[in-house]
$ cat structure20.cif   # mmCIF, C-alpha atoms
data_my_file
#
loop_
_atom_site.label_atom_id
_atom_site.label_comp_id
_atom_site.auth_asym_id
_atom_site.auth_seq_id
_atom_site.Cartn_x
_atom_site.Cartn_y
_atom_site.Cartn_z
CA MET A 1 139.10 112.57 131.72
CA SER A 2 139.00 115.91 129.85
CA LYS A 3 142.78 115.67 129.16
CA GLN A 4 142.31 112.22 127.68
CA ILE A 5 139.43 113.41 125.47
CA ASN A 6 141.39 116.47 124.32
CA HIS A 7 144.33 114.21 123.47
CA THR A 8 142.04 112.03 121.35
CA LEU A 9 140.60 115.07 119.61
CA SER A 10 144.09 116.47 118.95
CA HIS A 11 145.14 113.16 117.45
CA LYS A 12 142.17 113.21 115.07
CA LEU A 13 142.92 116.81 114.08
CA GLN A 14 146.56 115.96 113.41
CA SER A 15 145.50 113.01 111.28
CA ARG A 16 143.33 115.34 109.21
CA ALA A 17 146.17 117.85 108.93
CA ASP A 18 148.57 115.11 107.76
CA ARG A 19 146.13 114.33 104.95
CA GLY A 20 145.86 117.98 103.97
CA LEU A 21 142.21 118.15 105.02
CA LEU A 22 142.34 120.38 108.11
CA ARG A 23 139.78 123.17 108.01
CA LYS A 24 140.54 126.56 109.55
CA LEU A 25 138.48 129.70 109.98
CA ARG A 26 139.87 132.71 108.18
CA THR A 27 138.68 136.02 106.82
CA GLY A 28 138.98 137.53 103.38
CA ASP A 29 139.46 141.10 104.58
CA GLY A 30 141.01 143.37 101.97
CA LEU A 31 140.86 140.75 99.20
CA VAL A 32 138.82 140.74 95.99
CA ASP A 33 135.76 138.66 96.85
CA LEU A 34 135.56 135.72 94.45
CA CYS A 35 134.24 133.15 96.90
CA SER A 36 131.16 134.41 98.77
CA ASN A 37 127.53 133.72 97.91
CA ASP A 38 126.71 137.45 97.92
CA TYR A 39 125.86 137.22 94.21
CA LEU A 40 123.98 140.53 94.00
CA GLY A 41 126.12 142.40 96.50
CA LEU A 42 123.20 143.05 98.86
CA ALA A 43 125.35 142.31 101.91
CA ARG A 44 127.38 145.45 101.15
CA ASP A 45 124.74 147.55 99.37
CA GLU A 46 124.36 150.91 101.15
CA LYS A 47 120.78 151.46 99.92
CA PHE A 48 119.76 148.05 101.22
CA LYS A 49 121.37 148.84 104.58
CA LEU A 50 119.37 152.09 104.76
CA LEU A 51 116.19 150.14 103.97
CA LEU A 52 116.88 147.81 106.90
CA LEU A 53 117.53 150.75 109.22
CA ARG A 54 114.21 152.22 108.09
CA LEU A 55 112.46 148.98 109.05
CA THR A 56 113.94 149.21 112.53
CA VAL A 57 112.57 152.73 112.94
CA ASP A 58 109.17 151.87 111.45
CA PHE A 59 108.61 148.89 113.75
CA PRO A 60 109.96 149.94 117.16
CA ASP A 61 107.72 147.46 118.99
CA ASP A 62 109.47 144.42 117.52
CA MET A 63 111.16 142.30 120.15
CA THR A 64 114.87 141.62 119.68
CA GLY A 65 114.42 137.89 120.21
CA ALA A 66 111.84 135.25 119.37
CA THR A 67 111.61 133.98 123.00
CA GLY A 68 110.90 130.39 121.94
CA SER A 69 110.12 127.97 119.17
CA ARG A 70 107.31 128.74 116.73
CA LEU A 71 105.09 126.11 118.39
CA LEU A 72 105.58 127.75 121.79
CA ALA A 73 106.10 131.48 122.28
CA GLY A 74 108.01 132.23 119.09
CA ASN A 75 105.23 132.49 116.53
CA THR A 76 104.26 135.99 115.40
CA GLN A 77 102.01 137.67 112.88
CA ILE A 78 105.10 138.98 111.07
CA ALA A 79 106.47 135.42 110.71
CA GLU A 80 103.24 134.11 109.21
CA GLY A 81 102.75 137.23 107.11
CA VAL A 82 106.24 137.01 105.58
CA GLU A 83 105.80 133.30 104.84
CA ALA A 84 102.54 134.04 103.03
CA GLU A 85 104.01 136.97 101.10
CA ILE A 86 107.11 135.07 99.93
CA ALA A 87 104.94 132.10 98.94
CA LYS A 88 102.78 134.48 96.89
CA ILE A 89 105.87 135.95 95.20
CA HIS A 90 106.96 132.45 94.16
CA LYS A 91 103.42 131.42 93.12
CA ALA A 92 103.19 128.77 95.83
CA GLU A 93 100.20 127.93 98.01
CA ALA A 94 102.13 128.17 101.27
CA GLY A 95 105.58 128.37 102.83
CA LEU A 96 107.32 127.54 106.10
CA ILE A 97 110.46 129.36 107.22
CA PHE A 98 113.35 127.49 108.85
CA ASN A 99 116.39 128.98 110.56
CA SER A 100 118.73 127.96 107.72
CA GLY A 101 118.80 126.05 104.47
CA TYR A 102 120.58 123.23 106.28
CA ASP A 103 117.76 123.01 108.84
CA ALA A 104 115.17 123.08 106.06
CA ASN A 105 116.69 120.17 104.13
CA LEU A 106 117.36 118.23 107.31
CA GLY A 107 113.76 118.67 108.38
CA LEU A 108 112.15 117.98 105.01
CA PHE A 109 114.12 114.90 104.01
CA GLY A 110 114.17 113.54 107.54
CA CYS A 111 110.39 113.26 107.72
CA ILE A 112 108.75 113.39 104.30
CA ALA A 113 109.06 109.70 103.32
CA ASP A 114 108.13 106.55 105.22
CA GLU A 115 109.54 103.06 105.29
CA GLY A 116 108.87 101.46 101.91
CA ASP A 117 108.98 104.80 100.08
CA THR A 118 111.85 105.86 97.80
CA ILE A 119 113.84 109.06 97.45
CA LEU A 120 115.87 109.36 94.24
CA TYR A 121 118.48 112.11 94.39
CA ASP A 122 121.04 113.56 92.02
CA GLU A 123 124.48 112.43 93.14
CA LEU A 124 125.66 116.06 93.43
CA VAL A 125 122.96 117.40 95.77
CA HIS A 126 123.87 119.40 98.88
CA ALA A 127 125.43 117.81 101.97
CA SER A 128 122.38 119.01 103.92
CA ILE A 129 120.17 116.79 101.75
CA HIS A 130 122.49 113.83 102.34
CA ASP A 131 122.28 114.44 106.09
CA GLY A 132 118.50 114.64 105.89
CA LEU A 133 118.42 111.36 103.98
CA LYS A 134 120.38 109.70 106.77
CA LEU A 135 117.44 110.44 109.07
CA SER A 136 114.89 109.07 106.61
CA LYS A 137 113.29 105.65 106.80
CA ALA A 138 112.92 105.53 103.02
CA ASN A 139 115.07 103.79 100.42
CA ASN A 140 117.53 106.45 99.27
CA ILE A 141 119.03 105.94 95.80
CA ALA A 142 121.38 108.25 93.88
CA PHE A 143 121.15 108.74 90.12
CA LYS A 144 123.93 110.01 87.89
CA HIS A 145 124.24 113.77 87.71
CA ASN A 146 121.77 115.27 85.25
CA ASP A 147 121.41 111.86 83.58
CA LEU A 148 117.80 111.56 82.44
CA GLY A 149 118.28 107.98 81.26
CA ASP A 150 119.61 106.83 84.63
CA LEU A 151 116.84 108.69 86.46
CA GLU A 152 114.14 107.11 84.30
CA GLU A 153 115.61 103.64 84.72
CA LYS A 154 115.61 104.03 88.50
CA LEU A 155 112.08 105.47 88.47
CA LYS A 156 110.91 102.25 86.81
CA GLN A 157 112.38 100.19 89.66
CA THR A 158 111.03 102.15 92.64
CA HIS A 159 108.38 101.20 95.18
CA GLY A 160 106.01 103.12 97.42
CA GLN A 161 105.67 106.89 97.22
CA VAL A 162 108.56 108.23 95.15
CA PHE A 163 110.35 111.57 95.59
CA VAL A 164 112.99 113.03 93.25
CA SER A 165 115.47 115.53 94.69
CA VAL A 166 117.55 117.92 92.57
CA GLU A 167 119.19 121.32 92.80
CA SER A 168 118.28 123.91 90.19
CA VAL A 169 121.86 125.24 90.21
CA TYR A 170 124.53 122.87 91.53
CA SER A 171 126.80 124.34 94.15
CA MET A 172 130.09 122.89 92.93
CA ASP A 173 129.79 122.64 89.13
CA GLY A 174 127.50 125.64 88.70
CA ASP A 175 125.44 123.88 86.02
CA PHE A 176 121.65 123.89 85.81
CA ALA A 177 119.37 120.92 86.37
CA LEU A 178 117.50 119.68 83.29
CA LEU A 179 114.41 120.70 85.19
CA ASP A 180 111.82 120.71 82.40
CA GLU A 181 112.68 117.15 81.41
CA ILE A 182 112.96 115.95 85.01
CA ALA A 183 109.52 117.39 85.78
CA VAL A 184 108.06 115.47 82.82
CA LEU A 185 109.64 112.21 84.03
CA CYS A 186 108.26 112.78 87.52
CA GLU A 187 104.76 113.26 86.10
CA LEU A 188 105.03 110.13 83.97
CA HIS A 189 106.09 108.03 86.95
CA ASN A 190 103.90 109.71 89.58
CA ALA A 191 106.91 110.96 91.54
CA ALA A 192 107.01 114.09 93.70
CA LEU A 193 109.65 116.60 92.59
CA ILE A 194 111.69 118.49 95.21
CA VAL A 195 113.88 121.36 93.98
CA ASP A 196 116.59 123.03 96.07
CA GLU A 197 116.92 126.58 94.67
CA ALA A 198 119.56 127.74 97.17
CA HIS A 199 122.07 128.85 94.53
CA ALA A 200 119.45 130.02 92.03
CA THR A 201 117.64 132.44 94.32
CA GLY A 202 118.63 135.97 93.42
CA PHE A 203 120.05 135.59 89.93
CA VAL A 204 118.27 132.89 87.90
CA GLY A 205 115.47 134.33 85.79
CA GLU A 206 114.80 137.96 84.93
CA THR A 207 113.53 138.67 88.44
CA GLY A 208 115.89 136.35 90.33
CA LEU A 209 113.14 134.07 91.62
CA GLY A 210 114.83 130.85 90.56
CA LEU A 211 114.67 128.26 87.81
CA VAL A 212 111.22 126.90 88.66
CA ASN A 213 109.63 130.34 88.33
CA HIS A 214 111.68 131.06 85.21
CA LEU A 215 110.39 127.89 83.52
CA GLY A 216 106.85 128.36 84.83
CA ILE A 217 106.63 124.86 86.33
CA GLU A 218 105.55 125.80 89.86
CA ASP A 219 102.60 123.41 89.68
CA LYS A 220 104.91 120.48 88.82
CA CYS A 221 106.92 120.76 92.03
CA PHE A 222 105.94 119.13 95.29
CA ALA A 223 108.39 121.24 97.31
CA ARG A 224 110.92 124.00 96.69
CA LEU A 225 113.58 125.42 98.98
CA HIS A 226 114.84 129.01 98.80
CA THR A 227 117.54 130.29 101.13
CA PHE A 228 117.83 133.89 102.32
CA GLY A 229 121.47 133.80 103.39
CA LYS A 230 123.11 133.82 99.97
CA ALA A 231 122.04 136.34 97.31
CA LEU A 232 119.42 137.85 99.63
CA ALA A 233 121.95 138.77 102.33
CA SER A 234 119.58 137.74 105.11
CA HIS A 235 119.06 134.68 107.28
CA GLY A 236 116.87 131.60 107.14
CA ALA A 237 115.18 129.61 104.38
CA ILE A 238 111.68 128.77 103.23
CA ILE A 239 110.13 125.55 101.99
CA LEU A 240 107.34 126.21 99.50
CA GLY A 241 104.52 123.85 98.69
CA SER A 242 100.91 123.12 99.60
CA ASN A 243 99.14 124.05 102.82
CA THR A 244 99.15 120.33 103.60
CA LEU A 245 102.95 120.19 103.30
CA ARG A 246 103.30 123.26 105.54
CA ASN A 247 101.08 121.66 108.21
CA TYR A 248 102.92 118.35 107.91
CA LEU A 249 106.34 119.96 108.39
CA THR A 250 105.01 121.93 111.36
CA ASN A 251 104.18 118.59 112.98
CA TYR A 252 107.05 116.37 111.85
CA ALA A 253 110.13 118.43 110.89
CA ARG A 254 112.25 118.25 114.02
CA PRO A 255 114.63 121.14 113.23
CA PHE A 256 111.55 123.38 112.97
CA ILE A 257 109.77 122.00 116.02
CA TYR A 258 112.73 122.14 118.40
CA SER A 259 114.55 125.32 117.30
CA THR A 260 114.04 128.75 118.75
CA ALA A 261 112.42 130.84 116.03
CA LEU A 262 114.12 133.66 114.16
CA PRO A 263 113.67 137.12 115.70
CA PRO A 264 111.09 139.43 114.06
CA HIS A 265 113.71 141.59 112.33
CA ALA A 266 115.04 138.52 110.47
CA TYR A 267 111.65 137.94 108.84
CA ARG A 268 111.34 141.59 107.89
CA GLN A 269 114.86 141.60 106.44
CA ALA A 270 114.17 138.55 104.28
CA LEU A 271 111.03 140.11 102.83
CA ALA A 272 112.80 143.45 102.35
CA ALA A 273 115.52 141.61 100.40
CA TYR A 274 112.88 140.20 98.06
CA TRP A 275 111.40 143.66 97.50
CA TYR A 276 114.85 145.11 96.89
CA MET A 277 115.84 142.34 94.50
CA LEU A 278 112.61 142.63 92.52
CA GLY A 279 113.16 146.36 92.16
CA ASN A 280 116.82 146.15 91.07
CA HIS A 281 116.91 143.94 87.98
CA GLN A 282 120.06 145.71 86.79
CA LYS A 283 122.08 143.85 89.41
CA ILE A 284 121.15 140.55 87.74
CA GLU A 285 122.02 142.02 84.33
CA GLN A 286 125.41 143.20 85.65
CA LEU A 287 126.11 139.75 87.04
CA TYR A 288 125.35 137.96 83.77
CA SER A 289 127.42 140.46 81.84
CA LEU A 290 130.36 139.61 84.08
CA ILE A 291 129.71 135.86 83.80
CA ASN A 292 129.86 136.11 80.00
CA TYR A 293 133.05 138.18 80.20
CA TYR A 294 134.69 135.67 82.55
CA ARG A 295 133.75 132.70 80.35
CA GLU A 296 135.23 134.37 77.29
CA LYS A 297 138.46 135.32 79.08
CA THR A 298 139.06 131.84 80.56
CA LYS A 299 139.06 130.06 77.21
CA GLY A 300 142.85 130.21 76.91
CA LEU A 301 143.75 129.09 80.43
CA PRO A 302 146.13 126.14 80.94
CA TYR A 303 143.53 124.46 83.17
CA GLN A 304 140.25 122.65 82.70
CA VAL A 305 137.54 125.29 83.10
CA LEU A 306 134.09 123.96 83.97
CA ASP A 307 131.36 124.85 81.49
CA SER A 308 129.02 126.77 83.79
CA PRO A 309 126.41 129.36 82.77
CA SER A 310 125.93 130.51 86.36
CA ALA A 311 127.75 132.66 88.92
CA ILE A 312 129.53 129.54 90.19
CA GLN A 313 132.63 128.78 88.14
CA GLY A 314 135.31 126.15 88.58
CA ILE A 315 138.95 125.77 87.59
CA VAL A 316 140.02 122.14 87.95
CA VAL A 317 143.45 121.59 89.54
CA PRO A 318 143.83 117.87 90.36
CA GLY A 319 145.37 117.08 93.74
CA ASN A 320 144.64 118.56 97.16
CA ALA A 321 148.16 119.94 97.61
CA GLU A 322 148.21 121.43 94.11
CA VAL A 323 144.86 123.20 94.37
CA ARG A 324 145.68 124.53 97.84
CA ALA A 325 148.97 125.90 96.53
CA LEU A 326 147.23 127.74 93.69
CA ALA A 327 144.63 129.20 96.07
CA GLN A 328 147.46 130.43 98.32
CA LYS A 329 149.22 132.08 95.38
CA LEU A 330 146.00 133.81 94.33
CA GLU A 331 145.47 135.04 97.88
CA GLU A 332 148.97 136.52 97.89
CA LYS A 333 147.98 138.41 94.74
CA GLY A 334 144.88 139.83 96.45
CA PHE A 335 142.13 137.36 95.48
CA ASP A 336 139.85 135.58 97.93
CA THR A 337 139.27 132.21 96.24
CA ARG A 338 138.87 128.90 98.01
CA PRO A 339 140.14 125.43 97.09
CA ILE A 340 137.61 122.59 97.04
CA VAL A 341 139.41 119.38 97.90
CA SER A 342 138.59 115.67 98.01
CA PRO A 343 136.74 113.95 99.58
CA THR A 344 134.27 116.87 99.43
CA ILE A 345 134.42 116.25 95.68
CA PRO A 346 135.83 113.16 93.87
CA LYS A 347 139.59 112.72 93.78
CA GLY A 348 141.02 114.24 90.61
CA ALA A 349 138.24 116.84 90.39
CA GLU A 350 139.74 119.22 92.96
CA ARG A 351 139.22 122.81 91.95
CA ILE A 352 139.31 126.50 92.66
CA ARG A 353 135.65 127.44 93.10
CA ILE A 354 135.05 130.98 91.91
CA CYS A 355 131.84 132.87 92.65
CA LEU A 356 131.14 135.95 90.57
CA HIS A 357 129.13 138.93 91.80
CA SER A 358 127.42 141.96 90.37
CA PHE A 359 130.00 144.16 92.13
CA ASN A 360 133.05 142.47 90.62
CA THR A 361 134.70 144.29 87.71
CA THR A 362 136.16 143.31 84.37
CA ALA A 363 139.49 144.73 85.58
CA GLU A 364 139.46 142.26 88.49
CA ILE A 365 138.75 139.41 86.09
CA ASP A 366 141.61 140.54 83.83
CA ARG A 367 143.99 140.53 86.81
CA LEU A 368 142.80 137.07 87.85
CA ILE A 369 143.33 135.67 84.36
CA THR A 370 146.83 137.17 84.23
CA GLU A 371 147.76 135.39 87.48
CA LEU A 372 146.26 132.09 86.32
CA LYS A 373 148.22 132.19 83.07
#

$ encode --input "structure20.cif" --output "structure tokens"
Amino acid sequence: MSKQINHTLSHKLQSRADRGLLRKLRTGDGLVDLCSNDYLGLARDEKFKLLLLRLTVDFPDDMTGATGSRLLAGNTQIAEGVEAEIAKIHKAEAGLIFNSGYDANLGLFGCIADEGDTILYDELVHASIHDGLKLSKANNIAFKHNDLGDLEEKLKQTHGQVFVSVESVYSMDGDFALLDEIAVLCELHNAALIVDEAHATGFVGETGLGLVNHLGIEDKCFARLHTFGKALASHGAIILGSNTLRNYLTNYARPFIYSTALPPHAYRQALAAYWYMLGNHQKIEQLYSLINYYREKTKGLPYQVLDSPSAIQGIVVPGNAEVRALAQKLEEKGFDTRPIVSPTIPKGAERIRICLHSFNTTAEIDRLITELK
């Protein structure tokens, strides 16, 4: 039986390979990092590493594992203390930490709406939100990306409790949500706004706390998600909102209920990353300086360059084979960039997705531009 199953699996893999869609694990060792989400460079920051070592010494009684889910043996004072502290930093009433951003979106969207309710979502939201929506009993309706007119039209046609889901910074185009205007529409139509700040945490706003904090609209959001595994170089994610939302997710969010909790050191590391980020504003300044430099230098490229004000940049190269070929050539020249192919994004919009970091240099950008020309 196992031979038959393996044969079937091999056939499916070959079919994917024939279509140029086969995924493979690889490393970027020795290459210029232009693809990771380590926007502030904390994952390689020696001072941050020393801070984490200090935490290990200062709290020798921490267990190395959680020993169970939060509702069983895995809840600790440090877990609840870190949730409360991060919520306070973001000016939220409460927070609940999940093991990953994927788990958080799966849990939130899988349980927050009932049959007869409606979730409106920007067509470019994360795959984790789409997967959460598949578990929902609500009516799930997409609206055109950042299209306020389409959103308002759909808000007028909804029934039941209405939720609106957006990302503050979109993971593929790198553009910002029109969050002020969306928040106003949600208020007008009595809809609950949910903002995924995964790619805004760490570099949006003077202190890196995200677009909601930057705009000062915390009280207009029903729920916010911040991940720790990108710019904060840690693990896990937190959903921010009211105490009622926290208690509801504790009871209904299945990825939270049935997952072994994070170990104590993971909570401490996440909070330490916040402290370190808040005390190192120059990293954000360095990043934006590089973003501006990159945008200026790419004006003369023979490709469509996405108009992005964020660390996420895109160079459109239509065709899966074509964009893969360019990524391979850039790798041969020492750059770790990754091709984004259809159907992950629409056909014809295939691109090289470039992520900029505070540790990248203008010399590296100059070399990249030379190769692209």

$ closest_residue --input "structure20.cif" --among "A:Val317, A:Ala73, A:Ile365, A:Ala104" --to "Pro263 (chain A)" --atoms "only C-alpha atoms"
A:Ala73

$ resolve_selection --input "structure20.cif" --expression "the PyMOL selection byres ((chain A and resi 173-177) around 8)" --output "list of chain:residue names"
A:Asn146, A:Val166, A:Glu167, A:Ser168, A:Val169, A:Tyr170, A:Ser171, A:Met172, A:Leu178, A:Leu179, A:Leu306, A:Asp307, A:Ser308, A:Pro309, A:Ser310, A:Ala311, A:Ile312, A:Gln313, A:Gly314

$ write_last_selection --input "structure20.cif" --atoms "C-alpha atoms" --output "mmCIF file, keeping the file's coordinate frame"
data_model
loop_
_atom_site.group_PDB
_atom_site.id
_atom_site.type_symbol
_atom_site.label_atom_id
_atom_site.label_comp_id
_atom_site.auth_asym_id
_atom_site.auth_seq_id
_atom_site.Cartn_x
_atom_site.Cartn_y
_atom_site.Cartn_z
ATOM 1 C CA ASN A 146 121.770 115.270 85.250
ATOM 2 C CA VAL A 166 117.550 117.920 92.570
ATOM 3 C CA GLU A 167 119.190 121.320 92.800
ATOM 4 C CA SER A 168 118.280 123.910 90.190
ATOM 5 C CA VAL A 169 121.860 125.240 90.210
ATOM 6 C CA TYR A 170 124.530 122.870 91.530
ATOM 7 C CA SER A 171 126.800 124.340 94.150
ATOM 8 C CA MET A 172 130.090 122.890 92.930
ATOM 9 C CA LEU A 178 117.500 119.680 83.290
ATOM 10 C CA LEU A 179 114.410 120.700 85.190
ATOM 11 C CA LEU A 306 134.090 123.960 83.970
ATOM 12 C CA ASP A 307 131.360 124.850 81.490
ATOM 13 C CA SER A 308 129.020 126.770 83.790
ATOM 14 C CA PRO A 309 126.410 129.360 82.770
ATOM 15 C CA SER A 310 125.930 130.510 86.360
ATOM 16 C CA ALA A 311 127.750 132.660 88.920
ATOM 17 C CA ILE A 312 129.530 129.540 90.190
ATOM 18 C CA GLN A 313 132.630 128.780 88.140
ATOM 19 C CA GLY A 314 135.310 126.150 88.580
#

$ residues_around --input "structure20.cif" --residues "Lys137 (chain A)" --least-positions-apart "4" --cutoff "9 Å" --atoms "only C-alpha atoms" --output "JSON, numbers by chain"
{"A": [110, 111, 113, 114, 115, 116, 117, 133]}

$ closest_residue --input "structure20.cif" --among "A:Ile78, A:Met277, A:Ala198, A:Ile97" --to "Phe59 (chain A)" --atoms "only C-alpha atoms"
A:Ile78

$ residues_around --input "structure20.cif" --residues "region 60-62 of chain A" --least-positions-apart "4" --cutoff "10 Å" --atoms "only C-alpha atoms" --output "ChimeraX atom specification"
/A:55-56,66,78,263-265

$ resolve_selection --input "structure20.cif" --expression "the PyMOL selection byres ((chain A and resi 18-31) around 10)" --output "PyMOL selection string"
chain A and resi 12-17+32-36+320-321+324+330-337+341-344

$ residues_around --input "structure20.cif" --residues "Glu123 (chain A)" --least-positions-apart "2" --cutoff "9 Å" --atoms "only C-alpha atoms" --output "list of chain:residue names"
A:Tyr121, A:Val125, A:Ile141, A:Ala142, A:Phe143, A:Lys144, A:His145, A:Asn146, A:Val166

$ resolve_selection --input "structure20.cif" --expression "the PyMOL selection byres ((chain A and resi 366) around 12)" --output "VMD selection string"
chain A and resid 290 293 to 298 360 to 365 367 to 373

$ closest_residue --input "structure20.cif" --among "A:Asp103, A:Glu93, A:Asp180, A:Glu153" --to "Arg246 (chain A)" --atoms "all atoms listed in the file"
A:Glu93

$ atom_distance --input "structure20.cif" --atom1 "CA of Ser259 (chain A)" --atom2 "CA of Gly68 (chain A)"
7.8 Å

$ residues_around --input "structure20.cif" --residues "Leu106 (chain A)" --least-positions-apart "6" --cutoff "7 Å" --atoms "all atoms listed in the file" --output "JSON, numbers by chain"
{"A": [128, 129, 131, 132]}

$ write_last_selection --input "structure20.cif" --atoms "C-alpha atoms" --output "mmCIF file, keeping the file's coordinate frame"
data_model
loop_
_atom_site.group_PDB
_atom_site.id
_atom_site.type_symbol
_atom_site.label_atom_id
_atom_site.label_comp_id
_atom_site.auth_asym_id
_atom_site.auth_seq_id
_atom_site.Cartn_x
_atom_site.Cartn_y
_atom_site.Cartn_z
ATOM 1 C CA SER A 128 122.380 119.010 103.920
ATOM 2 C CA ILE A 129 120.170 116.790 101.750
ATOM 3 C CA ASP A 131 122.280 114.440 106.090
ATOM 4 C CA GLY A 132 118.500 114.640 105.890
#

$ atom_distance --input "structure20.cif" --atom1 "CA of Thr118 (chain A)" --atom2 "CA of His199 (chain A)"
25.4 Å

$ residues_around --input "structure20.cif" --residues "Arg268 (chain A)" --least-positions-apart "2" --cutoff "12 Å" --atoms "only C-alpha atoms" --output "ChimeraX atom specification"
/A:51-56,58-59,62,76-83,85-86,228,234-236,262-266,270-275

$ closest_residue --input "structure20.cif" --among "A:Phe203, A:Phe109, A:Tyr248, A:Phe98" --to "Leu135 (chain A)" --atoms "all atoms listed in the file"
A:Phe109

$ atom_distance --input "structure20.cif" --atom1 "CA of His130 (chain A)" --atom2 "CA of Leu225 (chain A)"
15.0 Å

$ build_atoms --input "structure20.cif" --residues "region 343-355 of chain A" --atoms "N, CA and C atoms" --output "short mmCIF file (atom, residue, chain, number, x, y, z; two decimals), in the frame of the given file"
data_model
loop_
_atom_site.label_atom_id
_atom_site.label_comp_id
_atom_site.auth_asym_id
_atom_site.auth_seq_id
_atom_site.Cartn_x
_atom_site.Cartn_y
_atom_site.Cartn_z
N PRO A 343 137.87 114.68 100.17
CA PRO A 343 136.74 113.95 99.58
C PRO A 343 135.45 114.75 99.44
N THR A 344 135.48 116.09 99.66
CA THR A 344 134.27 116.87 99.43
C THR A 344 133.78 116.67 98.00
N ILE A 345 134.72 116.61 97.06
CA ILE A 345 134.42 116.25 95.68
C ILE A 345 135.33 115.07 95.30
N PRO A 346 135.03 114.34 94.22
CA PRO A 346 135.83 113.16 93.87
C PRO A 346 137.31 113.49 93.64
N LYS A 347 138.15 112.56 93.99
CA LYS A 347 139.59 112.72 93.78
C LYS A 347 139.88 112.92 92.29
N GLY A 348 140.71 113.90 91.99
CA GLY A 348 141.02 114.24 90.61
C GLY A 348 140.18 115.38 90.08
N ALA A 349 139.11 115.73 90.81
CA ALA A 349 138.24 116.84 90.39
C ALA A 349 138.42 118.06 91.27
N GLU A 350 139.50 118.07 92.08
CA GLU A 350 139.74 119.22 92.96
C GLU A 350 139.78 120.50 92.13
N ARG A 351 139.36 121.60 92.74
CA ARG A 351 139.22 122.81 91.95
C ARG A 351 139.29 124.08 92.80
N ILE A 352 139.55 125.18 92.10
CA ILE A 352 139.31 126.50 92.66
C ILE A 352 137.87 126.85 92.32
N ARG A 353 137.06 127.07 93.33
CA ARG A 353 135.65 127.44 93.10
C ARG A 353 135.56 128.96 93.14
N ILE A 354 135.13 129.53 92.03
CA ILE A 354 135.05 130.98 91.91
C ILE A 354 133.58 131.39 91.83
N CYS A 355 133.18 132.31 92.70
CA CYS A 355 131.84 132.87 92.65
C CYS A 355 131.93 134.31 92.16
#
